[in-house]
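Right, one structure below, let's go through it.
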Amino acid sequence: MRLRTNVRLRTRTYRGGTVVLLAGGLLLGGCSADGARDAKSIDAPAREAPGAGAGSGSTAGAGAAGPADGVEQGKGRQEGEQEQRADQPDGRFAPEPDYLSTFALDVDTASYGYALRTLGEGRLPDPGTVRPEEFINSFRQDYERPEGDGFSVTVDGAAAPTAEGDWSLVRVGLATRQAEHKGERPPAALTFVVDISGSMAEPGRLDLVKESLGILTDELGGDDSIALVTFSDRAETRLPMTRVADSRSRIHDVIEELEPAESTNVGAGIETGYDEAVEGRRSGATNRVVLLSDALANTGDTEADAILERIEDERTEHGITLFGVGVGSDYGDALMEQLADRGDGHTTYVSDKAQARKVFVDQLPMNVELRARDAKAQVAFDRDAVESFRLIGYENRAVADEDFRNDRVDGGEVGPGHTVTALYAVKLRPGASGEVARATVRWLDPETRAPRERSGSVGASAVDARLWGDAKPRLQVTAVAAYFAESLRGESADETLSYGGLPAVPDLGELEERARTLASSTEDGAVKELAEAIDQAGRARG
C-alpha cells in the first residue's frame, strides 16, 4: 500500500515576506561576471533512504540553505554556486523548517482551460476552480531540455517592486525531454472510460468526446490498442482491448454508436475501465486509463477516495495511470482533479475541436507516455538572504518536507515534452548576496523505479532585473498568467497580499496590455488568447 498525502499547501508568508517560485524545468545556474546565471544541469543517483530533505550544502557564505544532498557537482564553480556535501556536522547549512517548500509536481491544465470556456461565455469562473499553477503550466517555456530521461532544472527570477516593498519573483522550471517520433514511441494500450449520462447530451460534451475519439483513432499507430467502456447509471464494456491495425473501422463504428443515457456513476465506470485495462495490459506498452467526462457524479460513489479505493490494487501493482479529460460548461472540476491527482495522472479540459486535436494529436505522447514517476520538488531558501517567501498555487499538491525522499509518498507523473513551472513571491533581506534558493527535483525511473535527483540554484544578483521589460519574455508571460489567476481568485483579508500570496496584483487593464505586448513579441497565439481572456474578465466584472 502506498502512502498518500492530502495536506493542503501552506501558502504562508514566512518571516514577514513572500516568495514567488515558478517551476517548469529546473536548471542549475552558475553566476557569470555580469550576474546572469549560466544554465547547468547536475544529475545523480538519489539516496535510497527516506528523509527530511533538509540535507546539507555549502556556499561561499555561512548560513545558506541546501535542500538535498547526494548531488555531485563539478569543479571550477563561479561565485554564487554551491557544492553539495554529504556531511555537515555543525548543521549550519541545514535550513530551518520554514525555509523549505516541498510539493508534488503537477502538469494539469484543466483549470485554465475551463476558465477560458466560462469567460468565453461571458461568465467569471468560480474562484474555487482557479488554480494558479495550472494557468502557469498552460504556456510554453524556454527551459533547456535534458538529453536523457528525467528533468532539467532552471531557476531564475526578476525584481517586482511594489508599494508594499521590494519583492522578487523566482521561477523554478522543470522540463523533460521531448517525445520520440511517432514511429519510435512504445505502443500504447489505452482504455477509454466515456461518460454517456444525461448531462453529456448538451452540445460540447458527448459530441465533442466522440469527435475527439475519432481523431485519436486515426492518429494512433497500428501496434497501439484501444478498449472502450461507457457509463451512465451502470458501466458497460463496448470494446475489449483491440489492436488498432486492422480495426479502425470497427472502432469508429463503436464510437459513433455512443448515445447519452441516464445518471452519472463515475465510480462504476472507472472500476470497469481499470478491470479492462488490467485484462488487456501489454508488457512493454504504455498502459493508461483515459476518463472523458463532465465529472458531475450523482450515482454510486461520488467521492474520489471511495472511487479510487476500489481500484487501488490495479493502480499500484500494475502502474496503470489515469488521464482525465474534462468537457462541458458545467464541469465537476474538483472531482476530476482529485481523481487524476490520486490516480497518479493529470487532467486537461477541451471545449472545441481545435483543443481536442491539440490534446489527442499534437500532445498525445506527453499525455500517454511517462518520463518520471512520483516526481517531487523541494526548494530551500537561504535564511541569510531571504526574509520571507510564498509558493503560489499547488495547494492540493503539498508534501511534508520530511517526505521529500520518502518514495512511498506519491508525487506527480510527468510525460515527455512537459514543463512544470512553480512561482514563488520572495522578499529578500536588505543587501542580500550569494545564493537565494536551491531547488531539487526527485523522481523514480518509470521502468526501474530507481530514484534520481537533479538540482539548480539562483543567486541574488540574478533576480535584479526588472520584471517588466528587462526579464525574459517567457518569465513575463508566466507572471501575467499568475497575476491573472490571482485576480480571478480575489483578494484576501490581508490588504497587502492577494489570496494566493502575490503582492500588489496589477489591475486587469494593465495585465491585458502586458499580455498583448508579449503576444506580439513572442508571436505566440496562446499568449494572444490569454490577453483576450483578461479582456473578457474585465468586461464580465463590468
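Numbering starts fresh at 1 for the residues of each chain in the C-alpha cells, the chains themselves are lettered A, B, ... in the order given, and ligands are numbered from 1 as they appear.
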
Shell around Glu121 of chain A at 10 Å using only C-alpha atoms, local window under 3 positions removed, as JSON, numbers by chain: {"A": [115, 116, 117, 118, 124, 329, 536, 540]}

Could you save those same residues with C-alpha atoms as a PDB file, in the first residue's frame?
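For reference, part32.pdb as written:
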```pdb
ATOM      1  CA  ALA A 115     -11.653  29.375 -17.212  1.00  0.00           C
ATOM      2  CA  LEU A 116     -11.289  30.141 -20.927  1.00  0.00           C
ATOM      3  CA  ARG A 117     -14.602  28.354 -21.555  1.00  0.00           C
ATOM      4  CA  THR A 118     -16.525  30.258 -18.870  1.00  0.00           C
ATOM      5  CA  LEU A 124     -16.376  34.652 -14.417  1.00  0.00           C
ATOM      6  CA  SER A 329     -19.913  24.263 -19.408  1.00  0.00           C
ATOM      7  CA  GLN A 536     -13.278  39.132 -21.196  1.00  0.00           C
ATOM      8  CA  ALA A 540     -17.615  40.342 -17.113  1.00  0.00           C
TER       9      ALA A 540
END
```

Per-residue nearest contacts of segment 260-357 of chain A to segment 392-399 of chain A (10 Å; only C-alpha atoms) as a Markdown table:
```
| residue | atom | partner | partner_atom | distance |
| --- | --- | --- | --- | --- |
| A:Glu337 | CA | A:Asn396 | CA | 9.3 |
| A:Gln338 | CA | A:Asn396 | CA | 8.7 |
| A:Asp341 | CA | A:Arg397 | CA | 8.2 |
```

Within 12 Å of segment 277-296 of chain A, which residues of segment 415-533 of chain A show up? Give each one with its shortest atom-to-atom distance in Å (one decimal) and the two atoms involved, counting only C-alpha atoms, rows by chain then rising residue number, as a tab-separated table.
```
residue	atom	partner	partner_atom	distance
A:Gly415	CA	A:Thr286	CA	11.0
A:Pro446	CA	A:Thr286	CA	10.4
A:Glu447	CA	A:Gly284	CA	9.4
```

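Using only C-alpha atoms, the residues found no farther than 12 Å from Ser247 of chain A, other than those of its own chain fewer than 4 positions away, are Thr217, Asp218, Leu220, Gly221, Gly222, Asp223, Asp224, Ser225, Ile226, Ala227, Leu239, Pro240, Met241, Thr242, Arg243, Ile251, His252, Asp253 and Val254 of chain A.
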
Mind dumping the selected residues with N, CA, C and O atoms as an mmCIF file, in the first residue's frame?
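Output file out37.cif is given in full below:
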```
data_model
loop_
_atom_site.group_PDB
_atom_site.id
_atom_site.type_symbol
_atom_site.label_atom_id
_atom_site.label_comp_id
_atom_site.auth_asym_id
_atom_site.auth_seq_id
_atom_site.Cartn_x
_atom_site.Cartn_y
_atom_site.Cartn_z
ATOM 1 N N THR A 217 -8.383 7.851 -32.929
ATOM 2 C CA THR A 217 -8.344 6.558 -33.619
ATOM 3 C C THR A 217 -7.549 6.648 -34.915
ATOM 4 O O THR A 217 -6.792 5.732 -35.267
ATOM 5 N N ASP A 218 -7.688 7.749 -35.621
ATOM 6 C CA ASP A 218 -6.944 7.934 -36.865
ATOM 7 C C ASP A 218 -5.471 8.235 -36.606
ATOM 8 O O ASP A 218 -4.620 7.975 -37.472
ATOM 9 N N LEU A 220 -3.559 7.084 -33.894
ATOM 10 C CA LEU A 220 -2.797 6.005 -33.282
ATOM 11 C C LEU A 220 -2.151 5.092 -34.330
ATOM 12 O O LEU A 220 -2.646 4.946 -35.443
ATOM 13 N N GLY A 221 -1.043 4.472 -33.928
ATOM 14 C CA GLY A 221 -0.355 3.544 -34.818
ATOM 15 C C GLY A 221 -1.009 2.171 -34.806
ATOM 16 O O GLY A 221 -1.793 1.837 -33.912
ATOM 17 N N GLY A 222 -0.651 1.359 -35.764
ATOM 18 C CA GLY A 222 -1.255 0.038 -35.882
ATOM 19 C C GLY A 222 -0.963 -0.867 -34.706
ATOM 20 O O GLY A 222 -1.747 -1.782 -34.403
ATOM 21 N N ASP A 223 0.157 -0.652 -34.020
ATOM 22 C CA ASP A 223 0.534 -1.507 -32.895
ATOM 23 C C ASP A 223 -0.073 -1.029 -31.581
ATOM 24 O O ASP A 223 0.091 -1.669 -30.547
ATOM 25 N N ASP A 224 -0.766 0.104 -31.599
ATOM 26 C CA ASP A 224 -1.462 0.577 -30.402
ATOM 27 C C ASP A 224 -2.761 -0.204 -30.210
ATOM 28 O O ASP A 224 -3.276 -0.834 -31.146
ATOM 29 N N SER A 225 -3.293 -0.156 -28.985
ATOM 30 C CA SER A 225 -4.524 -0.874 -28.664
ATOM 31 C C SER A 225 -5.502 0.052 -27.957
ATOM 32 O O SER A 225 -5.095 0.982 -27.247
ATOM 33 N N ILE A 226 -6.802 -0.202 -28.152
ATOM 34 C CA ILE A 226 -7.857 0.595 -27.540
ATOM 35 C C ILE A 226 -8.898 -0.336 -26.927
ATOM 36 O O ILE A 226 -9.272 -1.353 -27.517
ATOM 37 N N ALA A 227 -9.372 0.026 -25.738
ATOM 38 C CA ALA A 227 -10.573 -0.566 -25.152
ATOM 39 C C ALA A 227 -11.522 0.590 -24.847
ATOM 40 O O ALA A 227 -11.078 1.720 -24.593
ATOM 41 N N LEU A 239 -15.979 -2.194 -26.098
ATOM 42 C CA LEU A 239 -14.913 -2.733 -26.942
ATOM 43 C C LEU A 239 -13.799 -3.232 -26.030
ATOM 44 O O LEU A 239 -13.199 -2.444 -25.303
ATOM 45 N N PRO A 240 -13.513 -4.530 -26.019
ATOM 46 C CA PRO A 240 -12.372 -5.012 -25.248
ATOM 47 C C PRO A 240 -11.082 -4.534 -25.901
ATOM 48 O O PRO A 240 -11.099 -3.992 -27.012
ATOM 49 N N MET A 241 -9.949 -4.724 -25.208
ATOM 50 C CA MET A 241 -8.678 -4.238 -25.741
ATOM 51 C C MET A 241 -8.433 -4.816 -27.135
ATOM 52 O O MET A 241 -8.407 -6.031 -27.334
ATOM 53 N N THR A 242 -8.294 -3.920 -28.115
ATOM 54 C CA THR A 242 -8.235 -4.300 -29.523
ATOM 55 C C THR A 242 -7.086 -3.585 -30.220
ATOM 56 O O THR A 242 -6.937 -2.365 -30.086
ATOM 57 N N ARG A 243 -6.271 -4.319 -30.949
ATOM 58 C CA ARG A 243 -5.199 -3.695 -31.737
ATOM 59 C C ARG A 243 -5.820 -2.808 -32.809
ATOM 60 O O ARG A 243 -6.787 -3.200 -33.472
ATOM 61 N N ILE A 251 -13.615 0.332 -34.659
ATOM 62 C CA ILE A 251 -13.503 1.291 -33.546
ATOM 63 C C ILE A 251 -14.362 2.520 -33.830
ATOM 64 O O ILE A 251 -15.102 3.003 -32.953
ATOM 65 N N HIS A 252 -14.293 3.030 -35.047
ATOM 66 C CA HIS A 252 -15.118 4.188 -35.414
ATOM 67 C C HIS A 252 -16.607 3.861 -35.279
ATOM 68 O O HIS A 252 -17.397 4.702 -34.808
ATOM 69 N N ASP A 253 -17.004 2.668 -35.645
ATOM 70 C CA ASP A 253 -18.415 2.285 -35.537
ATOM 71 C C ASP A 253 -18.872 2.282 -34.075
ATOM 72 O O ASP A 253 -19.970 2.761 -33.759
ATOM 73 N N VAL A 254 -18.037 1.751 -33.185
ATOM 74 C CA VAL A 254 -18.383 1.719 -31.759
ATOM 75 C C VAL A 254 -18.518 3.138 -31.218
ATOM 76 O O VAL A 254 -19.445 3.444 -30.446
#
```

*Considering only C-alpha atoms, return as a VMD selection string whatever protein or nucleic-acid residues lie within 12 Å of Val194 of chain A, sequence-local ones (same chain, fewer than 3 positions apart) excluded.*
chain A and resid 191 197 200 205 to 210 212 to 213 227 to 232 234 to 239 254 to 255 258 to 261 264 to 266 268 to 270 272 to 273 289 to 295 324 to 327

- request: Could you give me, as a PyMOL selection string, each residue of segment 166-224 of chain A that DSSP assigns to alpha helix (DSSP H) when run on this structure's backbone?
  value: chain A and resi 206-219

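Put simply, atom CA of Asp524 of chain A is 23.1 Å away from atom CA of Asp106 of chain A.
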
re atom CA of Glu314 of chain A and atom CA of Asp344 of chain A: distance 11.9 Å

*Within 9 Å of Glu413 of chain A using only C-alpha atoms, minus same-chain residues under 5 positions, as a PyMOL selection string*: chain A and resi 105-107+321+344-346+370-375+443

Written selection (N, CA and C atoms) as an mmCIF file, in the first residue's frame:
```cif
data_model
loop_
_atom_site.group_PDB
_atom_site.id
_atom_site.type_symbol
_atom_site.label_atom_id
_atom_site.label_comp_id
_atom_site.auth_asym_id
_atom_site.auth_seq_id
_atom_site.Cartn_x
_atom_site.Cartn_y
_atom_site.Cartn_z
ATOM 1 N N LEU A 105 4.924 17.430 -8.205
ATOM 2 C CA LEU A 105 4.813 18.106 -9.497
ATOM 3 C C LEU A 105 3.410 17.932 -10.069
ATOM 4 N N ASP A 106 2.981 18.927 -10.832
ATOM 5 C CA ASP A 106 1.623 18.949 -11.372
ATOM 6 C C ASP A 106 1.677 19.485 -12.794
ATOM 7 N N VAL A 107 1.189 18.699 -13.755
ATOM 8 C CA VAL A 107 1.150 19.155 -15.150
ATOM 9 C C VAL A 107 -0.282 19.364 -15.615
ATOM 10 N N THR A 321 -1.931 4.388 -14.949
ATOM 11 C CA THR A 321 -2.241 5.745 -14.511
ATOM 12 C C THR A 321 -3.514 6.260 -15.174
ATOM 13 N N ASP A 344 -2.555 9.030 -9.909
ATOM 14 C CA ASP A 344 -1.207 9.103 -10.482
ATOM 15 C C ASP A 344 -1.215 9.618 -11.920
ATOM 16 N N GLY A 345 -2.078 10.579 -12.193
ATOM 17 C CA GLY A 345 -2.148 11.110 -13.554
ATOM 18 C C GLY A 345 -2.311 12.610 -13.570
ATOM 19 N N HIS A 346 -2.943 13.125 -14.623
ATOM 20 C CA HIS A 346 -3.159 14.553 -14.734
ATOM 21 C C HIS A 346 -4.435 14.815 -15.510
ATOM 22 N N LEU A 370 5.334 8.230 -20.098
ATOM 23 C CA LEU A 370 5.906 8.735 -18.847
ATOM 24 C C LEU A 370 7.413 8.895 -18.977
ATOM 25 N N ARG A 371 7.910 9.987 -18.430
ATOM 26 C CA ARG A 371 9.345 10.184 -18.275
ATOM 27 C C ARG A 371 9.745 10.033 -16.803
ATOM 28 N N ALA A 372 8.800 10.267 -15.901
ATOM 29 C CA ALA A 372 9.127 10.234 -14.475
ATOM 30 C C ALA A 372 7.892 9.881 -13.662
ATOM 31 N N ARG A 373 8.084 9.055 -12.641
ATOM 32 C CA ARG A 373 7.020 8.732 -11.694
ATOM 33 C C ARG A 373 7.301 9.384 -10.341
ATOM 34 N N ASP A 374 6.224 9.697 -9.643
ATOM 35 C CA ASP A 374 6.311 10.197 -8.265
ATOM 36 C C ASP A 374 7.338 11.322 -8.126
ATOM 37 N N ALA A 375 7.242 12.303 -9.014
ATOM 38 C CA ALA A 375 8.191 13.419 -9.009
ATOM 39 C C ALA A 375 7.775 14.462 -7.981
ATOM 40 N N TRP A 443 12.648 12.008 -8.570
ATOM 41 C CA TRP A 443 11.668 11.214 -9.292
ATOM 42 C C TRP A 443 12.135 9.772 -9.348
#
```

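Separating atom CA of Asp403 of chain A from atom CA of Ala377 of chain A is a distance of 10.9 Å.
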
Q.
Set the distance at 12 Å and use only C-alpha atoms: which residues neighbour Ala471 of chain A once local chain neighbours fewer than 2 positions away are removed? I'd like the list as an NGL selection string.
A. :A and (36 or 156-160 or 168-171 or 462-469 or 473-479 or 518)

Write the residues of the preceding selection, restricted to N, CA, C and O atoms, as a short mmCIF file (atom, residue, chain, number, x, y, z; two decimals), in the first residue's frame.
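In the end it all went to result12.cif:
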```
data_model
loop_
_atom_site.label_atom_id
_atom_site.label_comp_id
_atom_site.auth_asym_id
_atom_site.auth_seq_id
_atom_site.Cartn_x
_atom_site.Cartn_y
_atom_site.Cartn_z
N ALA A 36 24.36 37.22 -14.49
CA ALA A 36 23.40 36.31 -15.13
C ALA A 36 23.77 34.88 -14.79
O ALA A 36 24.92 34.56 -14.56
N ASP A 156 15.41 30.97 -12.10
CA ASP A 156 15.73 32.36 -12.39
C ASP A 156 14.68 33.25 -11.73
O ASP A 156 13.87 32.78 -10.94
N GLY A 157 14.70 34.52 -12.04
CA GLY A 157 13.73 35.41 -11.41
C GLY A 157 13.91 36.84 -11.86
O GLY A 157 14.71 37.15 -12.75
N ALA A 158 13.15 37.72 -11.23
CA ALA A 158 13.20 39.15 -11.56
C ALA A 158 12.64 39.94 -10.39
O ALA A 158 11.88 39.41 -9.56
N ALA A 159 13.01 41.22 -10.36
CA ALA A 159 12.52 42.11 -9.30
C ALA A 159 11.15 42.64 -9.67
O ALA A 159 10.90 43.00 -10.82
N ALA A 160 10.25 42.65 -8.68
CA ALA A 160 8.89 43.15 -8.90
C ALA A 160 8.50 44.06 -7.75
O ALA A 160 7.64 43.73 -6.93
N SER A 168 10.54 40.02 -5.17
CA SER A 168 11.08 39.37 -6.36
C SER A 168 10.21 38.18 -6.71
O SER A 168 9.54 37.61 -5.86
N LEU A 169 10.21 37.84 -7.99
CA LEU A 169 9.59 36.60 -8.44
C LEU A 169 10.70 35.63 -8.77
O LEU A 169 11.63 35.98 -9.50
N VAL A 170 10.65 34.43 -8.23
CA VAL A 170 11.63 33.40 -8.52
C VAL A 170 10.92 32.28 -9.26
O VAL A 170 9.92 31.74 -8.78
N ARG A 171 11.41 31.95 -10.42
CA ARG A 171 10.82 30.90 -11.25
C ARG A 171 11.68 29.64 -11.17
O ARG A 171 12.87 29.66 -11.42
N ALA A 462 21.06 37.48 -9.72
CA ALA A 462 20.33 37.01 -10.90
C ALA A 462 18.86 37.39 -10.87
O ALA A 462 18.13 37.11 -11.82
N VAL A 463 18.39 37.99 -9.79
CA VAL A 463 16.98 38.41 -9.71
C VAL A 463 16.86 39.92 -9.61
O VAL A 463 15.86 40.46 -9.14
N ASP A 464 17.89 40.62 -10.08
CA ASP A 464 17.90 42.09 -10.02
C ASP A 464 17.13 42.74 -11.16
O ASP A 464 16.63 43.86 -11.03
N ALA A 465 17.06 42.06 -12.31
CA ALA A 465 16.42 42.67 -13.48
C ALA A 465 14.95 42.96 -13.21
O ALA A 465 14.26 42.19 -12.53
N ARG A 466 14.47 44.09 -13.71
CA ARG A 466 13.06 44.44 -13.54
C ARG A 466 12.19 43.48 -14.33
O ARG A 466 12.51 43.13 -15.47
N LEU A 467 11.08 43.08 -13.73
CA LEU A 467 10.20 42.11 -14.36
C LEU A 467 9.70 42.59 -15.71
O LEU A 467 9.80 41.90 -16.71
N TRP A 468 9.13 43.79 -15.74
CA TRP A 468 8.53 44.28 -16.98
C TRP A 468 9.57 44.98 -17.83
O TRP A 468 10.11 46.02 -17.44
N GLY A 469 9.92 44.36 -18.93
CA GLY A 469 10.85 44.97 -19.87
C GLY A 469 12.21 44.33 -19.88
O GLY A 469 12.76 44.05 -20.94
N PRO A 473 11.12 37.21 -21.84
CA PRO A 473 9.70 37.28 -22.21
C PRO A 473 8.87 36.15 -21.61
O PRO A 473 7.74 36.38 -21.18
N ARG A 474 9.40 34.94 -21.58
CA ARG A 474 8.62 33.81 -21.06
C ARG A 474 8.41 33.93 -19.54
O ARG A 474 7.39 33.48 -19.02
N LEU A 475 9.36 34.53 -18.85
CA LEU A 475 9.15 34.80 -17.43
C LEU A 475 8.05 35.83 -17.25
O LEU A 475 7.22 35.73 -16.34
N GLN A 476 8.01 36.83 -18.13
CA GLN A 476 6.95 37.84 -18.06
C GLN A 476 5.58 37.21 -18.34
O GLN A 476 4.58 37.54 -17.68
N VAL A 477 5.51 36.30 -19.32
CA VAL A 477 4.25 35.62 -19.61
C VAL A 477 3.79 34.83 -18.39
O VAL A 477 2.61 34.84 -18.01
N THR A 478 4.73 34.15 -17.75
CA THR A 478 4.40 33.38 -16.55
C THR A 478 3.84 34.28 -15.47
O THR A 478 2.87 33.93 -14.80
N ALA A 479 4.45 35.44 -15.30
CA ALA A 479 3.97 36.38 -14.28
C ALA A 479 2.56 36.87 -14.61
O ALA A 479 1.71 36.96 -13.73
N LEU A 518 3.34 41.15 -25.05
CA LEU A 518 4.08 39.90 -25.07
C LEU A 518 3.62 39.00 -26.21
O LEU A 518 4.42 38.27 -26.81
#
```

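Proximity ranking of A:Ser263, A:Ser152, A:Thr421, A:Ser520 relative to Glu453 of chain A places A:Ser152 first, based on only C-alpha atoms.
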
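Comparing A:Ala354, A:Leu508, A:Val153, A:Ile136 by their smallest distance to Ser111 of chain A, the closest is A:Ile136 (using only C-alpha atoms).
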